[in-house]
>>> print(open('final-v7.cif').read())   # mmCIF, C-alpha atoms
data_target
#
loop_
_atom_site.label_atom_id
_atom_site.label_comp_id
_atom_site.auth_asym_id
_atom_site.auth_seq_id
_atom_site.Cartn_x
_atom_site.Cartn_y
_atom_site.Cartn_z
CA MET A 1 0.00 0.00 0.00
CA ASN A 2 2.01 3.01 1.15
CA ALA A 3 5.72 3.38 1.78
CA ALA A 4 5.58 2.50 5.47
CA HIS A 5 4.25 -0.99 4.70
CA GLU A 6 7.12 -1.73 2.35
CA SER A 7 9.99 -0.45 4.47
CA LEU A 8 11.81 -3.44 5.96
CA VAL A 9 13.40 -1.26 8.67
CA ILE A 10 10.09 0.11 9.98
CA ARG A 11 8.40 -3.30 9.94
CA THR A 12 11.26 -5.05 11.73
CA ILE A 13 11.70 -2.37 14.38
CA CYS A 14 7.95 -2.15 15.05
CA ARG A 15 7.69 -5.92 15.45
CA LEU A 16 10.62 -5.90 17.88
CA VAL A 17 9.25 -2.99 19.90
CA ALA A 18 5.78 -4.54 20.04
CA VAL A 19 7.10 -7.58 21.90
CA PHE A 20 8.67 -5.48 24.65
CA THR A 21 5.62 -3.24 24.82
CA GLN A 22 3.45 -6.29 25.45
CA LEU A 23 5.84 -7.57 28.10
CA PHE A 24 5.77 -4.19 29.85
CA GLY A 25 1.96 -4.10 29.64
CA LEU A 26 1.72 -7.50 31.31
CA TYR A 27 4.19 -6.35 34.00
CA VAL A 28 2.09 -3.25 34.73
CA ILE A 29 -1.08 -5.36 35.05
CA MET A 30 0.47 -8.07 37.25
CA HIS A 31 2.20 -5.55 39.56
CA GLY A 32 -0.78 -3.22 39.79
CA HIS A 33 -1.37 -4.04 43.44
CA SER A 34 2.20 -3.56 44.62
CA SER A 35 3.53 -0.69 42.47
CA PRO A 36 2.03 2.14 40.40
CA GLY A 37 -0.07 0.77 37.58
CA GLY A 38 -3.07 -1.47 37.24
CA GLY A 39 -5.59 -2.84 34.82
CA PHE A 40 -6.44 0.38 32.99
CA GLN A 41 -2.85 1.47 32.36
CA GLY A 42 -1.59 -2.02 31.50
CA GLY A 43 -4.53 -2.66 29.17
CA VAL A 44 -3.82 0.52 27.23
CA ILE A 45 -0.10 -0.35 26.96
CA LEU A 46 -1.02 -3.82 25.61
CA ALA A 47 -3.46 -2.25 23.13
CA SER A 48 -0.84 0.26 21.98
CA SER A 49 1.43 -2.59 20.89
CA PHE A 50 -1.32 -3.91 18.59
CA ILE A 51 -2.01 -0.39 17.31
CA LEU A 52 1.72 -0.04 16.56
CA LEU A 53 1.54 -3.27 14.53
CA ALA A 54 -1.57 -2.00 12.73
CA VAL A 55 0.17 1.26 11.81
CA SER A 56 3.37 -0.41 10.58
CA ASP A 57 2.01 -3.58 8.94
CA GLY A 58 -1.59 -2.69 8.18
CA ILE A 59 -4.75 -3.65 10.03
CA GLY A 60 -4.85 -7.04 8.29
CA GLU A 61 -1.81 -8.14 10.28
CA VAL A 62 -3.63 -7.45 13.54
CA GLN A 63 -6.79 -9.15 12.32
CA ARG A 64 -4.81 -12.27 11.50
CA ARG A 65 -3.81 -12.50 15.18
CA PHE A 66 -7.00 -11.10 16.65
CA SER A 67 -10.20 -12.06 14.84
CA LEU A 68 -13.23 -9.84 15.17
CA LYS A 69 -14.96 -12.54 17.17
CA ALA A 70 -12.06 -12.83 19.63
CA LEU A 71 -12.01 -9.06 20.14
CA THR A 72 -15.73 -8.90 20.93
CA ILE A 73 -15.56 -11.93 23.22
CA LEU A 74 -12.53 -10.55 25.10
CA THR A 75 -14.19 -7.15 25.58
CA SER A 76 -17.10 -8.86 27.33
CA ALA A 77 -14.97 -11.48 29.10
CA GLY A 78 -13.05 -8.91 31.16
CA VAL A 79 -16.19 -7.35 32.61
CA PHE A 80 -17.59 -10.86 33.08
CA LEU A 81 -14.49 -11.93 35.04
CA TYR A 82 -14.75 -8.83 37.25
CA ALA A 83 -18.45 -9.25 37.98
CA GLY A 84 -17.95 -13.03 38.24
CA ILE A 85 -15.47 -12.62 41.11
CA GLY A 86 -18.06 -10.42 42.80
CA VAL A 87 -20.77 -13.04 42.35
CA VAL A 88 -18.47 -15.81 43.68
CA CYS A 89 -17.98 -13.73 46.84
CA LEU A 90 -21.75 -13.34 47.01
CA LEU A 91 -22.31 -17.10 46.66
CA LEU A 92 -19.75 -17.86 49.40
CA GLY A 93 -21.78 -15.76 51.80
CA ALA A 94 -20.05 -12.35 51.85
CA ASN A 95 -20.99 -9.04 50.25
CA PHE A 96 -20.60 -8.39 46.52
CA LEU A 97 -16.84 -8.01 45.75
CA ASP A 98 -15.85 -8.69 49.39
CA TYR A 99 -12.74 -10.77 48.55
CA GLY A 100 -11.95 -11.73 52.14
CA ILE A 101 -14.15 -14.84 51.87
CA LEU A 102 -12.33 -16.38 48.88
CA PRO A 103 -10.61 -19.70 49.77
CA LEU A 104 -7.09 -18.52 48.80
CA PRO A 105 -3.94 -17.47 50.63
CA GLU A 106 -4.06 -13.67 51.00
CA PRO A 107 -7.53 -13.54 49.45
CA ARG A 108 -7.82 -9.74 49.29
CA SER A 109 -4.56 -9.33 47.40
CA LEU A 110 -5.36 -12.12 44.93
CA GLY A 111 -8.94 -10.93 44.49
CA MET A 112 -7.61 -7.52 43.50
CA LEU A 113 -5.19 -9.16 41.05
CA GLY A 114 -8.16 -11.02 39.51
CA ILE A 115 -10.18 -7.90 38.93
CA GLU A 116 -7.12 -6.02 37.62
CA ILE A 117 -6.70 -8.78 35.01
CA GLY A 118 -10.39 -8.45 34.11
CA VAL A 119 -10.08 -4.68 33.71
CA GLY A 120 -6.88 -5.09 31.68
CA VAL A 121 -8.47 -7.55 29.25
CA THR A 122 -11.51 -5.32 28.75
CA VAL A 123 -9.50 -2.13 28.23
CA MET A 124 -7.09 -3.84 25.83
CA ALA A 125 -9.80 -5.44 23.68
CA ALA A 126 -12.04 -2.35 23.75
CA THR A 127 -9.21 -0.04 22.65
CA VAL A 128 -8.13 -2.33 19.80
CA SER A 129 -11.78 -2.80 18.78
CA ILE A 130 -12.44 0.96 18.70
CA PHE A 131 -9.22 1.55 16.74
CA ARG A 132 -10.13 -1.16 14.24
CA ASP A 133 -13.65 0.18 13.71
CA LEU A 134 -12.38 3.72 13.19
CA MET A 135 -9.62 2.58 10.82
CA LEU A 136 -11.89 0.48 8.61
CA PHE A 137 -14.79 2.97 8.58
CA GLU A 138 -15.20 4.65 5.22
CA MET B 1 -28.65 38.50 21.71
CA LYS B 2 -24.90 37.94 21.47
CA TYR B 3 -24.36 40.07 24.60
CA LEU B 4 -26.96 38.06 26.53
CA ASP B 5 -24.87 34.89 26.03
CA LEU B 6 -21.77 36.74 27.17
CA ILE B 7 -23.51 38.01 30.31
CA VAL B 8 -24.90 34.57 31.20
CA THR B 9 -21.49 32.94 30.69
CA GLY B 10 -19.73 35.65 32.70
CA LEU B 11 -22.20 35.41 35.56
CA THR B 12 -21.92 31.60 35.69
CA GLY B 13 -18.13 31.83 35.73
CA LEU B 14 -18.24 34.44 38.51
CA LEU B 15 -20.59 32.24 40.54
CA LEU B 16 -18.24 29.24 40.15
CA LEU B 17 -15.24 31.37 41.16
CA LEU B 18 -17.11 32.61 44.24
CA GLY B 19 -18.05 29.04 45.10
CA SER B 20 -14.43 27.90 44.83
CA LEU B 21 -13.46 30.41 47.54
CA GLY B 22 -15.36 28.28 50.06
CA MET B 23 -13.27 25.19 49.31
CA PRO B 24 -10.82 24.03 52.00
CA GLU B 25 -7.10 24.59 51.43
CA THR B 26 -5.22 21.91 49.50
CA GLY B 27 -3.85 19.36 51.98
CA ASP B 28 -5.72 20.87 54.94
CA PRO B 29 -5.69 18.11 57.60
CA LYS B 30 -8.97 19.40 59.09
CA SER B 31 -10.94 19.44 55.82
CA PRO B 32 -13.97 17.09 55.73
CA ALA B 33 -12.30 14.83 53.15
CA SER B 34 -9.28 14.25 55.44
CA VAL B 35 -11.06 13.47 58.69
CA HIS B 36 -13.69 10.93 57.63
CA VAL B 37 -12.33 7.68 56.07
CA SER B 38 -8.86 8.76 54.88
CA PRO B 39 -7.06 8.14 58.22
CA ARG B 40 -8.62 4.68 58.38
CA TYR B 41 -7.41 3.88 54.83
CA ILE B 42 -3.89 5.14 55.57
CA GLU B 43 -3.56 3.33 58.91
CA GLN B 44 -5.43 0.08 58.31
CA SER B 45 -5.31 -0.74 54.60
CA PHE B 46 -2.05 -2.71 54.71
CA GLU B 47 -3.20 -4.92 57.60
CA GLU B 48 -6.62 -5.44 56.04
CA THR B 49 -5.67 -6.09 52.42
CA ALA B 50 -1.94 -7.07 52.45
CA VAL B 51 -1.42 -4.77 49.46
CA PRO B 52 1.41 -2.22 49.67
CA ASN B 53 -0.12 0.10 47.06
CA LEU B 54 -2.63 2.29 48.89
CA VAL B 55 -4.19 3.67 45.71
CA THR B 56 -4.96 0.20 44.35
CA ALA B 57 -6.22 -0.92 47.77
CA ILE B 58 -8.80 1.88 47.71
CA LEU B 59 -9.70 1.58 44.02
CA ALA B 60 -9.87 -2.20 43.80
CA ASP B 61 -11.01 -3.17 47.30
CA TYR B 62 -12.82 -0.48 49.29
CA ARG B 63 -14.34 1.11 46.18
CA SER B 64 -14.41 -1.94 43.96
CA PHE B 65 -17.99 -1.37 42.91
CA ASP B 66 -17.01 2.02 41.47
CA THR B 67 -14.20 0.41 39.45
CA LEU B 68 -16.66 -2.18 38.11
CA GLY B 69 -18.67 0.79 36.81
CA GLU B 70 -15.55 2.21 35.15
CA ALA B 71 -14.83 -1.07 33.37
CA THR B 72 -18.46 -1.16 32.23
CA VAL B 73 -18.11 2.37 30.84
CA ILE B 74 -15.15 1.24 28.68
CA PHE B 75 -17.14 -1.81 27.56
CA THR B 76 -20.15 0.35 26.68
CA GLY B 77 -17.92 2.75 24.74
CA ALA B 78 -16.53 -0.06 22.60
CA LEU B 79 -20.07 -1.42 22.12
CA ALA B 80 -21.35 1.98 20.97
CA VAL B 81 -18.53 2.42 18.44
CA LEU B 82 -19.15 -1.14 17.23
CA LEU B 83 -22.89 -0.55 16.75
CA ILE B 84 -22.48 2.80 14.97
CA LEU B 85 -19.46 2.15 12.73
CA ARG B 86 -19.44 -1.59 12.03
CA THR B 87 -21.51 -2.55 9.00
CA GLY B 88 -22.31 -5.91 7.39
CA ARG B 89 -19.99 -5.10 4.50
CA ASP B 90 -17.03 -4.97 6.89
CA GLU B 91 -17.84 -8.42 8.20
CA GLU B 92 -17.51 -9.95 4.74
CA LYS B 93 -14.23 -8.15 4.13
CA ASP B 94 -13.00 -9.33 7.53
CA GLN B 95 -13.66 -12.97 6.77
CA GLY B 96 -11.99 -12.58 3.39
CA ASP B 97 -8.85 -11.32 5.10
CA SER B 98 -8.52 -14.01 7.72
#
>>> encode(input="final-v7.cif", output="structure tokens")
Amino acid sequence: MNAAHESLVIRTICRLVAVFTQLFGLYVIMHGHSSPGGGFQGGVILASSFILLAVSDGIGEVQRRFSLKALTILTSAGVFLYAGIGVVCLLLGANFLDYGILPLPEPRSLGMLGIEIGVGVTVMAATVSIFRDLMLFE
Amino acid sequence: MKYLDLIVTGLTGLLLLLGSLGMPETGDPKSPASVHVSPRYIEQSFEETAVPNLVTAILADYRSFDTLGEATVIFTGALAVLLILRTGRDEEKDQGDS
């Protein structure tokens, strides 16, 4: 298509950078409860790596990895995971989202990690989905 | 008519400025926001949640329901863009690509 898609340097560098961006995004999500960061920030960093790939290689490259169906399912799955943890607490006899009742070591800390992952998945998939829809809209 | 808009805007701005004079000083330890639940969060959150990050402890534990709403807002935003911009023609093109 345009010059950026044909330049070997841009494509190689963007693919390399995308890997480290994804690693950093996962780090920010997993360490959200012990250092600055969390689901929202990590999700956006993860999404930015896919947007970088879409800009350098074209949106088709991202769609090959991330089908439309997977994007829509992931967007819902994050919120489902979050609310699901709340409902599990409810079923075990505590209040909604009261993680203390979960049968885990350090339940509050791990419950928070669970909802951070849910938020991260939703933010990542929603951002990529919005970017894709805007890019393909004519 | 143009001047009426200007007067209304100016008056509203003046009212907001006057209202902001009644706000407590930044970091005032005796302001209502600092004497209600904040000391409890600062003193107890590590024992209660075993999480060293105070901000996450408040956002994801004490005010978890609020954060669920935030995640739902993001989800609704993506859903709205999907419903407005995504057409059936795109779906066919998408399947052709993959």
>>> interface_residues(input="final-v7.cif", of="chain B", to="chain A", cutoff="9 Å", atoms="all atoms listed in the file", output="PDB file with C-alpha atoms, in the frame of the given file")
ATOM      1  CA  GLU B  48      -6.620  -5.440  56.040  1.00  0.00           C
ATOM      2  CA  THR B  49      -5.670  -6.090  52.420  1.00  0.00           C
ATOM      3  CA  ALA B  50      -1.940  -7.070  52.450  1.00  0.00           C
ATOM      4  CA  VAL B  51      -1.420  -4.770  49.460  1.00  0.00           C
ATOM      5  CA  PRO B  52       1.410  -2.220  49.670  1.00  0.00           C
ATOM      6  CA  ASN B  53      -0.120   0.100  47.060  1.00  0.00           C
ATOM      7  CA  LEU B  54      -2.630   2.290  48.890  1.00  0.00           C
ATOM      8  CA  VAL B  55      -4.190   3.670  45.710  1.00  0.00           C
ATOM      9  CA  THR B  56      -4.960   0.200  44.350  1.00  0.00           C
ATOM     10  CA  ALA B  57      -6.220  -0.920  47.770  1.00  0.00           C
ATOM     11  CA  ALA B  60      -9.870  -2.200  43.800  1.00  0.00           C
ATOM     12  CA  ASP B  61     -11.010  -3.170  47.300  1.00  0.00           C
ATOM     13  CA  TYR B  62     -12.820  -0.480  49.290  1.00  0.00           C
ATOM     14  CA  SER B  64     -14.410  -1.940  43.960  1.00  0.00           C
ATOM     15  CA  PHE B  65     -17.990  -1.370  42.910  1.00  0.00           C
ATOM     16  CA  THR B  67     -14.200   0.410  39.450  1.00  0.00           C
ATOM     17  CA  LEU B  68     -16.660  -2.180  38.110  1.00  0.00           C
ATOM     18  CA  GLU B  70     -15.550   2.210  35.150  1.00  0.00           C
ATOM     19  CA  ALA B  71     -14.830  -1.070  33.370  1.00  0.00           C
ATOM     20  CA  THR B  72     -18.460  -1.160  32.230  1.00  0.00           C
ATOM     21  CA  ILE B  74     -15.150   1.240  28.680  1.00  0.00           C
ATOM     22  CA  PHE B  75     -17.140  -1.810  27.560  1.00  0.00           C
ATOM     23  CA  GLY B  77     -17.920   2.750  24.740  1.00  0.00           C
ATOM     24  CA  ALA B  78     -16.530  -0.060  22.600  1.00  0.00           C
ATOM     25  CA  LEU B  79     -20.070  -1.420  22.120  1.00  0.00           C
ATOM     26  CA  VAL B  81     -18.530   2.420  18.440  1.00  0.00           C
ATOM     27  CA  LEU B  82     -19.150  -1.140  17.230  1.00  0.00           C
ATOM     28  CA  LEU B  85     -19.460   2.150  12.730  1.00  0.00           C
ATOM     29  CA  ARG B  86     -19.440  -1.590  12.030  1.00  0.00           C
ATOM     30  CA  THR B  87     -21.510  -2.550   9.000  1.00  0.00           C
ATOM     31  CA  ASP B  90     -17.030  -4.970   6.890  1.00  0.00           C
ATOM     32  CA  GLU B  91     -17.840  -8.420   8.200  1.00  0.00           C
ATOM     33  CA  ASP B  94     -13.000  -9.330   7.530  1.00  0.00           C
ATOM     34  CA  GLN B  95     -13.660 -12.970   6.770  1.00  0.00           C
ATOM     35  CA  ASP B  97      -8.850 -11.320   5.100  1.00  0.00           C
ATOM     36  CA  SER B  98      -8.520 -14.010   7.720  1.00  0.00           C
TER      37      SER B  98
END
>>> atom_distance(input="final-v7.cif", atom1="atom CA of Ile58 of chain B", atom2="atom CA of Lys30 of chain B")
20.9 Å
>>> resolve_selection(input="final-v7.cif", expression="the PyMOL selection byres ((chain A and resi 49) around 10)", output="PyMOL selection string")
chain A and resi 14-15+17-23+25+44-48+50-55+124+128
>>> residues_around(input="final-v7.cif", residues="Pro39 of chain B", least_positions_apart="5", cutoff="12 Å", atoms="all atoms listed in the file", output="list in words")
Pro29, Lys30, Pro32, Ala33, Ser34, Gln44, Ser45 and Leu54 of chain B
>>> write_last_selection(input="final-v7.cif", atoms="C-alpha atoms", output="PDB file, in the frame of the given file")
ATOM      1  CA  PRO B  29      -5.690  18.110  57.600  1.00  0.00           C
ATOM      2  CA  LYS B  30      -8.970  19.400  59.090  1.00  0.00           C
ATOM      3  CA  PRO B  32     -13.970  17.090  55.730  1.00  0.00           C
ATOM      4  CA  ALA B  33     -12.300  14.830  53.150  1.00  0.00           C
ATOM      5  CA  SER B  34      -9.280  14.250  55.440  1.00  0.00           C
ATOM      6  CA  GLN B  44      -5.430   0.080  58.310  1.00  0.00           C
ATOM      7  CA  SER B  45      -5.310  -0.740  54.600  1.00  0.00           C
ATOM      8  CA  LEU B  54      -2.630   2.290  48.890  1.00  0.00           C
TER       9      LEU B  54
END
>>> axis_aligned_box(input="final-v7.cif", around="segment 8-13 of chain A", padding_each_side="4 Å", output="AutoDock Vina command-line options")
--center_x 10.9 --center_y -2.5 --center_z 10.2 --size_x 13.0 --size_y 13.2 --size_z 16.4
>>> atom_distance(input="final-v7.cif", atom1="atom CA of Leu16 of chain A", atom2="atom CA of Leu74 of chain A")
24.7 Å
>>> atom_distance(input="final-v7.cif", atom1="atom CA of Leu26 of chain A", atom2="atom CA of Gly42 of chain A")
6.4 Å
>>> closest_residue(input="final-v7.cif", among="B:Val73, B:Gly13, B:Leu59, B:Asp5", to="Tyr41 of chain B", atoms="all atoms listed in the file")
B:Leu59
>>> build_atoms(input="final-v7.cif", residues="segment 101-122 of chain A", atoms="N, CA and C atoms", output="mmCIF file, keeping the file's coordinate frame")
data_model
loop_
_atom_site.group_PDB
_atom_site.id
_atom_site.type_symbol
_atom_site.label_atom_id
_atom_site.label_comp_id
_atom_site.auth_asym_id
_atom_site.auth_seq_id
_atom_site.Cartn_x
_atom_site.Cartn_y
_atom_site.Cartn_z
ATOM 1 N N ILE A 101 -13.556 -13.520 51.676
ATOM 2 C CA ILE A 101 -14.150 -14.840 51.870
ATOM 3 C C ILE A 101 -13.560 -15.885 50.919
ATOM 4 N N LEU A 102 -12.836 -15.439 49.879
ATOM 5 C CA LEU A 102 -12.330 -16.380 48.880
ATOM 6 C C LEU A 102 -11.374 -17.388 49.521
ATOM 7 N N PRO A 103 -11.470 -18.671 49.158
ATOM 8 C CA PRO A 103 -10.610 -19.700 49.770
ATOM 9 C C PRO A 103 -9.206 -19.716 49.172
ATOM 10 N N LEU A 104 -8.440 -18.631 49.354
ATOM 11 C CA LEU A 104 -7.090 -18.520 48.800
ATOM 12 C C LEU A 104 -6.173 -17.967 49.882
ATOM 13 N N PRO A 105 -4.842 -18.188 49.729
ATOM 14 C CA PRO A 105 -3.940 -17.470 50.630
ATOM 15 C C PRO A 105 -3.936 -15.989 50.265
ATOM 16 N N GLU A 106 -3.956 -15.116 51.229
ATOM 17 C CA GLU A 106 -4.060 -13.670 51.000
ATOM 18 C C GLU A 106 -5.192 -13.335 50.040
ATOM 19 N N PRO A 107 -6.430 -13.638 50.403
ATOM 20 C CA PRO A 107 -7.530 -13.540 49.450
ATOM 21 C C PRO A 107 -7.753 -12.119 48.932
ATOM 22 N N ARG A 108 -7.542 -11.104 49.763
ATOM 23 C CA ARG A 108 -7.820 -9.740 49.290
ATOM 24 C C ARG A 108 -6.847 -9.335 48.194
ATOM 25 N N SER A 109 -5.562 -9.670 48.397
ATOM 26 C CA SER A 109 -4.560 -9.330 47.400
ATOM 27 C C SER A 109 -4.835 -10.048 46.075
ATOM 28 N N LEU A 110 -5.142 -11.351 46.160
ATOM 29 C CA LEU A 110 -5.360 -12.120 44.930
ATOM 30 C C LEU A 110 -6.680 -11.736 44.268
ATOM 31 N N GLY A 111 -7.688 -11.401 45.074
ATOM 32 C CA GLY A 111 -8.940 -10.930 44.490
ATOM 33 C C GLY A 111 -8.732 -9.664 43.685
ATOM 34 N N MET A 112 -7.913 -8.759 44.231
ATOM 35 C CA MET A 112 -7.610 -7.520 43.500
ATOM 36 C C MET A 112 -6.876 -7.824 42.213
ATOM 37 N N LEU A 113 -5.915 -8.786 42.269
ATOM 38 C CA LEU A 113 -5.190 -9.160 41.050
ATOM 39 C C LEU A 113 -6.184 -9.671 40.006
ATOM 40 N N GLY A 114 -7.156 -10.491 40.446
ATOM 41 C CA GLY A 114 -8.160 -11.020 39.510
ATOM 42 C C GLY A 114 -8.941 -9.929 38.820
ATOM 43 N N ILE A 115 -9.384 -8.938 39.585
ATOM 44 C CA ILE A 115 -10.180 -7.900 38.930
ATOM 45 C C ILE A 115 -9.305 -6.991 38.080
ATOM 46 N N GLU A 116 -8.016 -6.826 38.470
ATOM 47 C CA GLU A 116 -7.120 -6.020 37.620
ATOM 48 C C GLU A 116 -6.948 -6.701 36.264
ATOM 49 N N ILE A 117 -6.829 -8.055 36.280
ATOM 50 C CA ILE A 117 -6.700 -8.780 35.010
ATOM 51 C C ILE A 117 -7.971 -8.583 34.178
ATOM 52 N N GLY A 118 -9.130 -8.667 34.833
ATOM 53 C CA GLY A 118 -10.390 -8.450 34.110
ATOM 54 C C GLY A 118 -10.442 -7.077 33.469
ATOM 55 N N VAL A 119 -10.071 -6.042 34.254
ATOM 56 C CA VAL A 119 -10.080 -4.680 33.710
ATOM 57 C C VAL A 119 -9.097 -4.566 32.560
ATOM 58 N N GLY A 120 -7.895 -5.165 32.729
ATOM 59 C CA GLY A 120 -6.880 -5.090 31.680
ATOM 60 C C GLY A 120 -7.350 -5.699 30.378
ATOM 61 N N VAL A 121 -7.980 -6.878 30.455
ATOM 62 C CA VAL A 121 -8.470 -7.550 29.250
ATOM 63 C C VAL A 121 -9.528 -6.693 28.554
ATOM 64 N N THR A 122 -10.457 -6.143 29.344
ATOM 65 C CA THR A 122 -11.510 -5.320 28.750
ATOM 66 C C THR A 122 -10.933 -4.084 28.079
#
